[in-house]
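Participant: Contents of data-v6.txt (compact mmCIF, C-alpha atoms):
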# COMPACT_ATOMS: atom_id res chain seq x y z
CA MET A 1 63.75 -46.40 29.07
CA THR A 2 66.20 -44.49 26.89
CA LYS A 3 65.44 -41.42 24.81
CA SER A 4 66.08 -43.49 21.66
CA PHE A 5 63.32 -45.81 22.80
CA ALA A 6 61.04 -42.86 23.50
CA SER A 7 61.30 -41.43 20.00
CA ALA A 8 61.13 -44.79 18.25
CA PHE A 9 58.29 -46.15 20.34
CA VAL A 10 56.12 -43.04 20.16
CA ALA A 11 56.61 -42.95 16.37
CA LEU A 12 55.66 -46.60 16.04
CA MET A 13 52.59 -46.29 18.25
CA SER A 14 51.37 -43.38 16.13
CA LEU A 15 51.14 -45.73 13.14
CA SER A 16 48.47 -48.32 12.53
CA LEU A 17 49.56 -51.71 13.78
CA GLY A 18 48.50 -53.06 10.44
CA THR A 19 51.25 -51.10 8.69
CA ALA A 20 54.13 -51.92 11.04
CA ALA A 21 57.39 -52.77 9.26
CA LEU A 22 58.86 -56.23 9.64
CA HIS A 23 62.62 -56.81 9.29
CA GLY A 24 64.07 -60.27 8.86
CA ALA A 25 62.47 -63.29 7.22
CA PRO A 26 60.76 -65.93 9.34
CA ALA A 27 62.65 -69.18 9.75
CA ALA A 28 60.15 -71.56 8.21
CA PRO A 29 56.64 -70.26 7.39
CA SER A 30 55.45 -70.33 3.80
CA ALA A 31 52.34 -69.26 1.97
CA THR A 32 52.31 -72.36 -0.21
CA ALA A 33 49.20 -74.46 -0.54
CA PRO A 34 48.92 -77.55 1.66
CA ALA A 35 49.94 -80.92 0.28
CA ALA A 36 47.08 -83.03 -1.06
CA ALA A 37 47.37 -85.85 1.48
CA THR A 38 46.75 -83.92 4.70
CA GLN A 39 44.19 -83.73 7.46
CA SER A 40 43.16 -80.62 9.31
CA VAL A 41 42.86 -80.22 13.07
CA SER A 42 40.55 -77.33 13.87
CA ALA A 43 41.52 -74.74 16.46
CA ALA A 44 38.30 -75.78 18.22
CA ASP A 45 39.50 -79.38 18.65
CA ALA A 46 39.23 -80.35 22.32
CA ARG A 47 42.58 -82.14 22.21
CA LEU A 48 44.46 -78.84 21.90
CA ARG A 49 45.64 -77.35 25.20
CA TYR A 50 45.39 -73.55 25.54
CA GLU A 51 47.31 -71.74 28.31
CA GLY A 52 46.93 -67.99 28.71
CA ARG A 53 44.35 -65.30 27.99
CA PHE A 54 42.78 -66.19 24.63
CA ASP A 55 39.68 -64.74 23.01
CA PHE A 56 37.49 -67.70 22.06
CA ALA A 57 34.67 -65.65 20.54
CA ASP A 58 35.49 -67.49 17.28
CA ARG A 59 36.33 -71.05 18.32
CA ALA A 60 37.67 -71.84 14.85
CA ALA A 61 40.09 -68.90 14.99
CA PRO A 62 40.78 -67.86 18.60
CA SER A 63 42.83 -64.74 19.19
CA PHE A 64 46.38 -65.48 20.40
CA ILE A 65 46.86 -62.33 22.49
CA TRP A 66 49.43 -62.11 25.27
CA GLN A 67 53.13 -62.94 25.20
CA GLY A 68 53.92 -66.21 26.95
CA SER A 69 50.57 -67.75 25.96
CA ARG A 70 50.83 -71.30 24.65
CA ILE A 71 49.05 -73.96 22.60
CA SER A 72 50.14 -77.60 22.64
CA LEU A 73 49.18 -80.86 20.90
CA ASP A 74 50.53 -84.37 20.44
CA PHE A 75 50.39 -86.05 17.04
CA THR A 76 51.94 -88.70 14.81
CA GLY A 77 53.15 -88.49 11.23
CA GLU A 78 56.04 -86.83 9.45
CA THR A 79 54.42 -83.53 8.43
CA LEU A 80 53.11 -80.50 10.30
CA ALA A 81 51.89 -77.03 9.38
CA VAL A 82 50.72 -74.49 11.97
CA LEU A 83 48.14 -72.06 10.55
CA LEU A 84 48.25 -68.45 11.75
CA GLU A 85 46.90 -65.15 10.50
CA SER A 86 47.33 -61.54 11.58
CA GLN A 87 44.54 -59.92 13.54
CA THR A 88 46.51 -56.75 14.28
CA GLY A 89 50.15 -55.88 13.77
CA GLU A 90 52.97 -58.42 13.77
CA SER A 91 53.28 -61.53 15.91
CA HIS A 92 56.15 -63.94 16.40
CA PHE A 93 56.04 -67.46 17.81
CA ASP A 94 58.43 -70.14 19.02
CA VAL A 95 57.24 -73.37 17.43
CA THR A 96 58.76 -76.31 19.30
CA VAL A 97 58.43 -79.91 18.15
CA ASP A 98 60.07 -82.58 20.29
CA GLY A 99 62.42 -80.03 21.84
CA ARG A 100 63.52 -78.42 18.57
CA THR A 101 62.42 -74.81 17.99
CA PHE A 102 61.98 -72.51 15.02
CA VAL A 103 60.42 -69.04 14.77
CA ALA A 104 57.15 -68.43 12.92
CA SER A 105 56.57 -64.76 12.05
CA VAL A 106 53.16 -63.37 11.08
CA PRO A 107 53.48 -60.00 9.31
CA PRO A 108 50.73 -57.38 9.39
CA GLY A 109 47.78 -58.66 7.38
CA GLY A 110 49.57 -61.94 6.69
CA HIS A 111 48.55 -65.60 6.62
CA VAL A 112 51.22 -68.18 7.47
CA ARG A 113 51.66 -71.95 7.22
CA ALA A 114 54.57 -72.57 9.57
CA GLU A 115 56.34 -75.84 8.75
CA PRO A 116 59.35 -77.27 10.61
CA PRO A 117 62.64 -76.81 8.74
CA PHE A 118 63.76 -80.20 10.06
CA PRO A 119 62.47 -83.77 9.56
CA LEU A 120 59.98 -85.07 12.10
CA GLY A 121 60.47 -88.78 11.63
CA SER A 122 58.03 -91.41 12.79
CA GLY A 123 56.40 -91.86 16.17
CA ARG A 124 54.50 -89.54 18.47
CA HIS A 125 55.47 -85.86 18.52
CA HIS A 126 54.78 -83.01 20.93
CA LEU A 127 54.04 -79.51 19.60
CA THR A 128 54.14 -76.29 21.62
CA LEU A 129 53.34 -72.90 20.13
CA PHE A 130 54.62 -70.04 22.35
CA LYS A 131 53.90 -66.35 21.62
CA ARG A 132 57.24 -64.63 22.03
CA SER A 133 56.23 -61.10 20.95
CA GLU A 134 54.08 -58.80 23.03
CA ALA A 135 50.34 -58.29 22.79
CA SER A 136 50.55 -54.55 22.17
CA ALA A 137 52.70 -55.12 19.05
CA GLY A 138 50.27 -57.51 17.42
CA ILE A 139 47.69 -60.24 17.86
CA ALA A 140 47.30 -63.33 15.69
CA ARG A 141 44.47 -65.78 15.09
CA PHE A 142 45.21 -69.49 15.37
CA ARG A 143 43.56 -71.54 12.61
CA GLY A 144 44.62 -75.00 13.71
CA VAL A 145 47.19 -77.36 12.25
CA GLU A 146 47.58 -79.60 9.20
CA LEU A 147 49.00 -83.10 9.62
CA ALA A 148 49.68 -86.07 7.39
CA ALA A 149 46.61 -87.97 6.27
CA GLY A 150 45.79 -90.61 8.85
CA ALA A 151 48.02 -89.07 11.54
CA GLY A 152 47.06 -89.66 15.15
CA VAL A 153 45.97 -86.66 17.22
CA PHE A 154 46.18 -86.69 21.02
CA ALA A 155 45.72 -84.39 23.98
CA PRO A 156 49.16 -83.75 25.53
CA PRO A 157 49.85 -85.25 28.96
CA PRO A 158 48.92 -82.87 31.80
CA PRO A 159 51.81 -80.50 32.59
CA ALA A 160 53.74 -81.28 35.77
CA TYR A 161 53.55 -77.74 37.12
CA ARG A 162 54.70 -77.18 40.69
CA LEU A 163 53.01 -73.78 40.98
CA ALA A 164 51.61 -70.91 38.90
CA MET A 165 53.35 -67.56 38.34
CA GLU A 166 52.09 -64.35 36.75
CA PHE A 167 54.21 -61.30 35.84
CA PHE A 168 52.89 -57.74 35.44
CA GLY A 169 55.12 -54.99 34.12
CA ASP A 170 56.47 -53.02 31.18
CA SER A 171 59.07 -53.64 28.46
CA ILE A 172 61.55 -55.01 31.00
CA THR A 173 59.11 -57.77 31.87
CA VAL A 174 58.03 -58.26 28.24
CA GLY A 175 61.62 -59.08 27.23
CA ALA A 176 61.68 -56.18 24.75
CA CYS A 177 64.91 -55.88 22.70
CA ASN A 178 66.52 -58.78 24.56
CA GLU A 179 67.87 -60.37 21.39
CA ASP A 180 68.99 -57.06 19.84
CA GLY A 181 72.60 -56.04 19.33
CA ASP A 182 74.18 -52.95 20.85
CA THR A 183 71.17 -50.73 20.07
CA ASP A 184 67.53 -51.17 21.02
CA GLN A 185 65.36 -51.52 17.91
CA TRP A 186 61.56 -51.39 17.56
CA GLU A 187 61.05 -51.82 13.81
CA SER A 188 60.57 -55.57 14.24
CA ARG A 189 59.51 -57.42 17.37
CA ARG A 190 61.10 -60.68 16.21
CA THR A 191 64.07 -60.00 18.50
CA HIS A 192 61.81 -59.23 21.50
CA ASN A 193 61.68 -62.72 22.96
CA ASN A 194 59.45 -63.24 25.97
CA ALA A 195 60.56 -66.87 26.22
CA LEU A 196 63.95 -65.58 27.45
CA SER A 197 62.64 -62.77 29.65
CA TYR A 198 63.52 -62.82 33.35
CA GLY A 199 59.94 -63.83 34.18
CA ALA A 200 59.87 -66.81 31.82
CA LEU A 201 63.31 -67.94 33.01
CA THR A 202 62.22 -67.66 36.64
CA ALA A 203 59.04 -69.64 35.99
CA ALA A 204 60.97 -72.33 34.11
CA ALA A 205 63.39 -72.74 37.00
CA PHE A 206 60.47 -73.78 39.22
CA SER A 207 58.50 -75.73 36.58
CA ALA A 208 55.76 -73.15 36.99
CA ASP A 209 52.72 -72.46 34.88
CA TYR A 210 53.49 -69.02 33.45
CA ARG A 211 51.53 -65.94 32.45
CA ASN A 212 52.83 -62.51 31.36
CA LEU A 213 50.66 -59.37 31.27
CA ALA A 214 53.24 -56.68 30.48
CA ILE A 215 53.14 -53.80 27.99
CA SER A 216 56.13 -51.82 26.72
CA GLY A 217 56.06 -48.12 27.53
CA MET A 218 53.34 -48.42 30.20
CA GLY A 219 53.46 -46.83 33.63
CA ILE A 220 51.33 -46.35 36.71
CA VAL A 221 50.67 -42.62 36.12
CA THR A 222 52.34 -41.85 32.80
CA GLY A 223 54.50 -43.40 30.12
CA TYR A 224 55.08 -43.76 26.39
CA VAL A 225 51.66 -45.30 25.74
CA GLU A 226 48.24 -44.01 26.69
CA VAL A 227 47.05 -47.04 28.65
CA LYS A 228 47.99 -47.25 32.34
CA ALA A 229 48.74 -50.36 34.38
CA GLY A 230 45.65 -49.99 36.54
CA GLU A 231 43.43 -49.91 33.44
CA VAL A 232 44.59 -53.07 31.70
CA TRP A 233 45.96 -55.70 34.10
CA ASP A 234 42.64 -57.57 34.22
CA ARG A 235 41.61 -57.11 30.57
CA LEU A 236 41.39 -59.71 27.83
CA TYR A 237 43.23 -57.46 25.38
CA PRO A 238 45.92 -54.82 26.06
CA GLU A 239 43.34 -52.04 25.88
CA ALA A 240 41.56 -50.08 28.61
CA LYS A 241 38.14 -50.65 26.99
CA SER A 242 38.64 -54.37 26.38
CA PRO A 243 36.29 -56.86 28.04
CA ARG A 244 37.60 -58.14 31.36
CA ALA A 245 39.26 -61.53 31.50
CA ASP A 246 37.79 -64.34 33.58
CA LEU A 247 40.23 -64.09 36.49
CA ALA A 248 38.47 -66.81 38.47
CA ALA A 249 39.36 -69.39 35.81
CA TRP A 250 43.10 -69.23 36.60
CA GLN A 251 44.78 -67.91 39.75
CA PRO A 252 48.54 -67.64 40.30
CA ASP A 253 50.27 -68.86 43.43
CA VAL A 254 52.74 -65.98 43.10
CA ALA A 255 52.24 -62.74 41.14
CA PHE A 256 55.07 -60.27 40.43
CA VAL A 257 54.61 -56.52 39.85
CA ASN A 258 57.38 -54.43 38.23
CA TYR A 259 56.34 -50.86 37.34
CA GLY A 260 57.89 -47.42 37.61
CA GLU A 261 60.57 -47.35 34.91
CA ASN A 262 58.34 -45.51 32.42
CA ASP A 263 56.88 -43.10 34.96
CA ASP A 264 60.45 -42.06 35.72
CA SER A 265 61.87 -42.20 32.19
CA PHE A 266 59.00 -40.42 30.45
CA THR A 267 58.80 -37.52 32.89
CA ARG A 268 62.59 -37.20 32.78
CA SER A 269 62.58 -37.14 28.95
CA GLN A 270 59.86 -34.46 28.97
CA HIS A 271 61.60 -32.37 31.67
CA GLN A 272 58.58 -32.84 33.92
CA PRO A 273 58.58 -33.43 37.68
CA PHE A 274 58.10 -37.01 38.78
CA PRO A 275 54.48 -37.48 39.99
CA ALA A 276 55.49 -39.02 43.33
CA ALA A 277 52.22 -38.79 45.25
CA GLU A 278 50.15 -39.93 42.27
CA PHE A 279 52.54 -42.81 41.65
CA THR A 280 52.30 -44.04 45.23
CA ARG A 281 48.50 -43.82 45.22
CA GLY A 282 48.21 -45.52 41.84
CA TYR A 283 50.63 -48.29 42.74
CA VAL A 284 48.80 -49.02 46.01
CA SER A 285 45.45 -49.03 44.21
CA LEU A 286 46.69 -51.44 41.55
CA VAL A 287 48.10 -53.91 44.06
CA ARG A 288 44.97 -53.78 46.20
CA HIS A 289 42.89 -54.60 43.11
CA LEU A 290 45.22 -57.51 42.45
CA ARG A 291 44.73 -58.69 46.01
CA ALA A 292 40.94 -58.50 45.69
CA ALA A 293 41.07 -60.60 42.52
CA TYR A 294 43.68 -63.04 43.87
CA PRO A 295 42.91 -63.49 47.58
CA LYS A 296 45.27 -66.47 48.04
CA THR A 297 48.16 -65.26 45.89
CA HIS A 298 51.48 -64.13 47.32
CA LEU A 299 52.33 -60.78 45.74
CA VAL A 300 55.96 -59.79 45.09
CA LEU A 301 56.63 -56.11 44.35
CA LEU A 302 59.70 -55.70 42.14
CA ARG A 303 61.81 -52.72 41.17
CA GLY A 304 64.63 -52.46 38.68
CA GLY A 305 66.19 -53.79 35.53
CA MET A 306 67.04 -50.40 34.00
CA PHE A 307 68.27 -47.00 35.16
CA GLY A 308 65.07 -45.70 36.73
CA GLY A 309 64.41 -48.66 38.95
CA ALA A 310 68.06 -48.91 39.94
CA LYS A 311 69.17 -45.30 40.28
CA SER A 312 66.29 -42.81 40.21
CA ASP A 313 66.15 -40.69 43.37
CA GLU A 314 62.60 -39.67 42.41
CA LEU A 315 61.12 -43.14 41.79
CA ARG A 316 62.73 -44.92 44.72
CA PRO A 317 61.03 -43.07 47.64
CA ALA A 318 57.63 -43.09 45.92
CA TRP A 319 57.90 -46.84 45.33
CA GLU A 320 59.16 -47.47 48.87
CA ALA A 321 56.23 -45.51 50.31
CA ALA A 322 53.81 -47.72 48.38
CA VAL A 323 55.59 -50.87 49.50
CA ARG A 324 55.51 -49.84 53.17
CA GLU A 325 51.79 -49.13 53.02
CA LEU A 326 50.98 -52.39 51.24
CA GLU A 327 53.19 -54.65 53.36
CA ALA A 328 51.90 -53.12 56.60
CA GLY A 329 48.41 -54.40 55.93
CA ASP A 330 49.08 -57.66 54.11
CA PRO A 331 51.54 -60.34 55.28
CA ALA A 332 51.31 -62.07 51.88
CA ILE A 333 53.05 -59.15 50.15
CA GLY A 334 56.82 -58.95 49.84
CA HIS A 335 59.31 -57.01 47.73
CA TYR A 336 62.62 -57.38 45.94
CA VAL A 337 64.92 -54.84 44.25
CA PHE A 338 67.12 -56.12 41.42
CA GLN A 339 70.81 -55.40 41.82
CA HIS A 340 71.57 -56.07 38.16
CA TRP A 341 70.44 -53.44 35.66
CA SER A 342 71.12 -52.34 32.10
CA SER A 343 71.39 -48.92 30.45
CA ASN A 344 69.67 -50.36 27.37
CA HIS A 345 66.74 -52.71 27.61
CA PRO A 346 67.95 -55.92 29.24
CA ARG A 347 69.48 -58.40 26.82
CA VAL A 348 69.17 -62.15 27.34
CA ALA A 349 72.30 -62.17 29.52
CA ASP A 350 70.74 -59.43 31.67
CA ASP A 351 67.47 -61.34 31.86
CA ARG A 352 69.38 -64.40 33.07
CA ALA A 353 71.18 -62.35 35.71
CA MET A 354 67.88 -60.89 36.93
CA ALA A 355 66.24 -64.31 36.94
CA ASP A 356 69.13 -65.76 38.91
CA GLU A 357 68.69 -63.04 41.54
CA LEU A 358 64.95 -63.56 41.79
CA ILE A 359 65.26 -67.35 41.92
CA ALA A 360 67.79 -67.16 44.73
CA TRP A 361 65.63 -64.68 46.66
CA LEU A 362 62.48 -66.79 46.26
CA LYS A 363 64.24 -69.88 47.56
CA GLN A 364 65.01 -67.99 50.78
CA GLN A 365 61.44 -66.88 51.43
CA PRO A 366 59.40 -68.79 54.03
CA PHE A 367 56.24 -68.61 51.90
CA PHE A 368 58.08 -70.34 49.04
CA ALA A 369 59.09 -73.42 51.03
CA ALA A 370 56.18 -75.43 49.64
CA TYR A 371 57.43 -74.96 46.06
CA LYS A 372 61.13 -75.76 46.40
What would the structure in this file look like if it were written as structure tokens?
Facilitator:
Amino acid sequence: MTKSFASAFVALMSLSLGTAALHGAPAAPSATAPAAATQSVSAADARLRYEGRFDFADRAAPSFIWQGSRISLDFTGETLAVLLESQTGESHFDVTVDGRTFVASVPPGGHVRAEPPFPLGSGRHHLTLFKRSEASAGIARFRGVELAAGAGVFAPPPPAYRLAMEFFGDSITVGACNEDGDTDQWESRRTHNNALSYGALTAAAFSADYRNLAISGMGIVTGYVEVKAGEVWDRLYPEAKSPRADLAAWQPDVAFVNYGENDDSFTRSQHQPFPAAEFTRGYVSLVRHLRAAYPKTHLVLLRGGMFGGAKSDELRPAWEAAVRELEAGDPAIGHYVFQHWSSNHPRVADDRAMADELIAWLKQQPFFAAYK
């Protein structure tokens, strides 16, 4: 992470999420009242498919928490409105209907009716709502959809997933800043697009069910946010005191772990020594907890994407020590170091380069033969 990120991110995190600034207008949402001839589909409707860690405490308005989480539905008719409201902070979504996508943005405290800016036409349509912005920036409630009166409503066909993948990490894995220009910006998360992160691109290449549990600024021992990786990886919300998620309900075939950038960057920015021994112990502890929760999952330990992971002489030996210890006792653990890296946060082109590396490496691994 760069020093510009450090100052911007720490300043933002010191503010209430409910007062975060939002730059750029959403592509289609409006606050207008629904048309008279509509029917509502509740968020509790059994025909909706939910994929990811959602909070269903309120079935009529479940909390849409983590980036990469998805809701899908099939329907007929020529109108559609997706109903969203802010729970905390700002949230941004890719709304895809029949392969055409627009962005729905939910500002702090806002309520949104997101309507396609293109005609739907007749026939059966497929809707997917994908959370592109990260959980720690904001959480939204899903209030269902509005369709034309008399429209058909259907459960989508079962996805043809070949395997399941889960990615744990920091801003590199979130996809933070990947649609920014020359400078990283944190005032709006609309340009932080998890759908084009290296993890999402890797999962798409293998037609994999995809989950992403990454938080910008987070490290193993230290970082730009208070929460640590070992405190939050198994939580429902991106908070150390959150209730735990039901990990038995969904288990990945392959889980990827990419931490260390913030431990290195933050200590460097504060002119502090790198906590090598603590990092190694914390990393080993985290991965062993992952193994206990996912006994049949192949774990891939990643490093890189920015300066620390690629070039830090302090991070590298501490990470390598953890990898040696973990691999020595578990044949279902492997590792990969990205060759491509960026001085800023990875942009989409960098994410594609990283995904291409990881895809090629996975295809060469004996354990991955069943998924080719």
Participant: Identify which of the residues A:Phe256, A:Tyr283, A:Tyr50, A:Trp361 lies closest to Val221 (chain A), counting all atoms listed in the file when measuring atom-to-atom distances.
Facilitator: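 Among A:Phe256, A:Tyr283, A:Tyr50, A:Trp361, it is A:Tyr283 that comes nearest to Val221 (chain A).
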Participant: Select, from A:Glu78, A:Glu320, A:Asp313, A:Glu51, the residue with the minimum atom-to-atom distance to Thr280 (chain A), counting all atoms listed in the file.
Facilitator: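 Closest to Thr280 (chain A) of all the choices is A:Glu320.
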Participant: As an exercise, work out the distance from CA of Ser40 (chain A) to CA of Thr88 (chain A) in Å and give it to one decimal place.
Facilitator: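 These atoms are spaced 24.6 Å apart.
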Participant: Which residue gives the smallest distance to Pro243 (chain A) among A:Ser42, A:Glu231, A:Leu120, A:Ala355, with only C-alpha atoms counted?
Facilitator: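 Ranked by minimum distance to Pro243 (chain A), first place goes to A:Glu231.
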Participant: Could you list, as a ChimeraX atom specification, every residue within 8 Å of region 125-135 of chain A, counting all atoms listed in the file and ignoring same-chain residues fewer than 6 positions away?
Facilitator: /A:64-76,91-98,156,174,189-190,192-195,214-215,237-238
Participant: Just checking: using all atoms listed in the file, which residue out of A:Met218, A:Ala37, A:Ile359, A:Ala203 ends up closest to Ser171 (chain A)?
Facilitator: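 Looking at the shortest contact to Ser171 (chain A), the residue is A:Met218.
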Participant: Give the answer as one residue: which of A:Ser188, A:Asp182, A:Trp319, A:Leu163 has the shortest atom-to-atom distance to Pro108 (chain A), using all atoms listed in the file?
Facilitator: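 Residue with the minimum atom-to-atom distance to Pro108 (chain A): A:Ser188.
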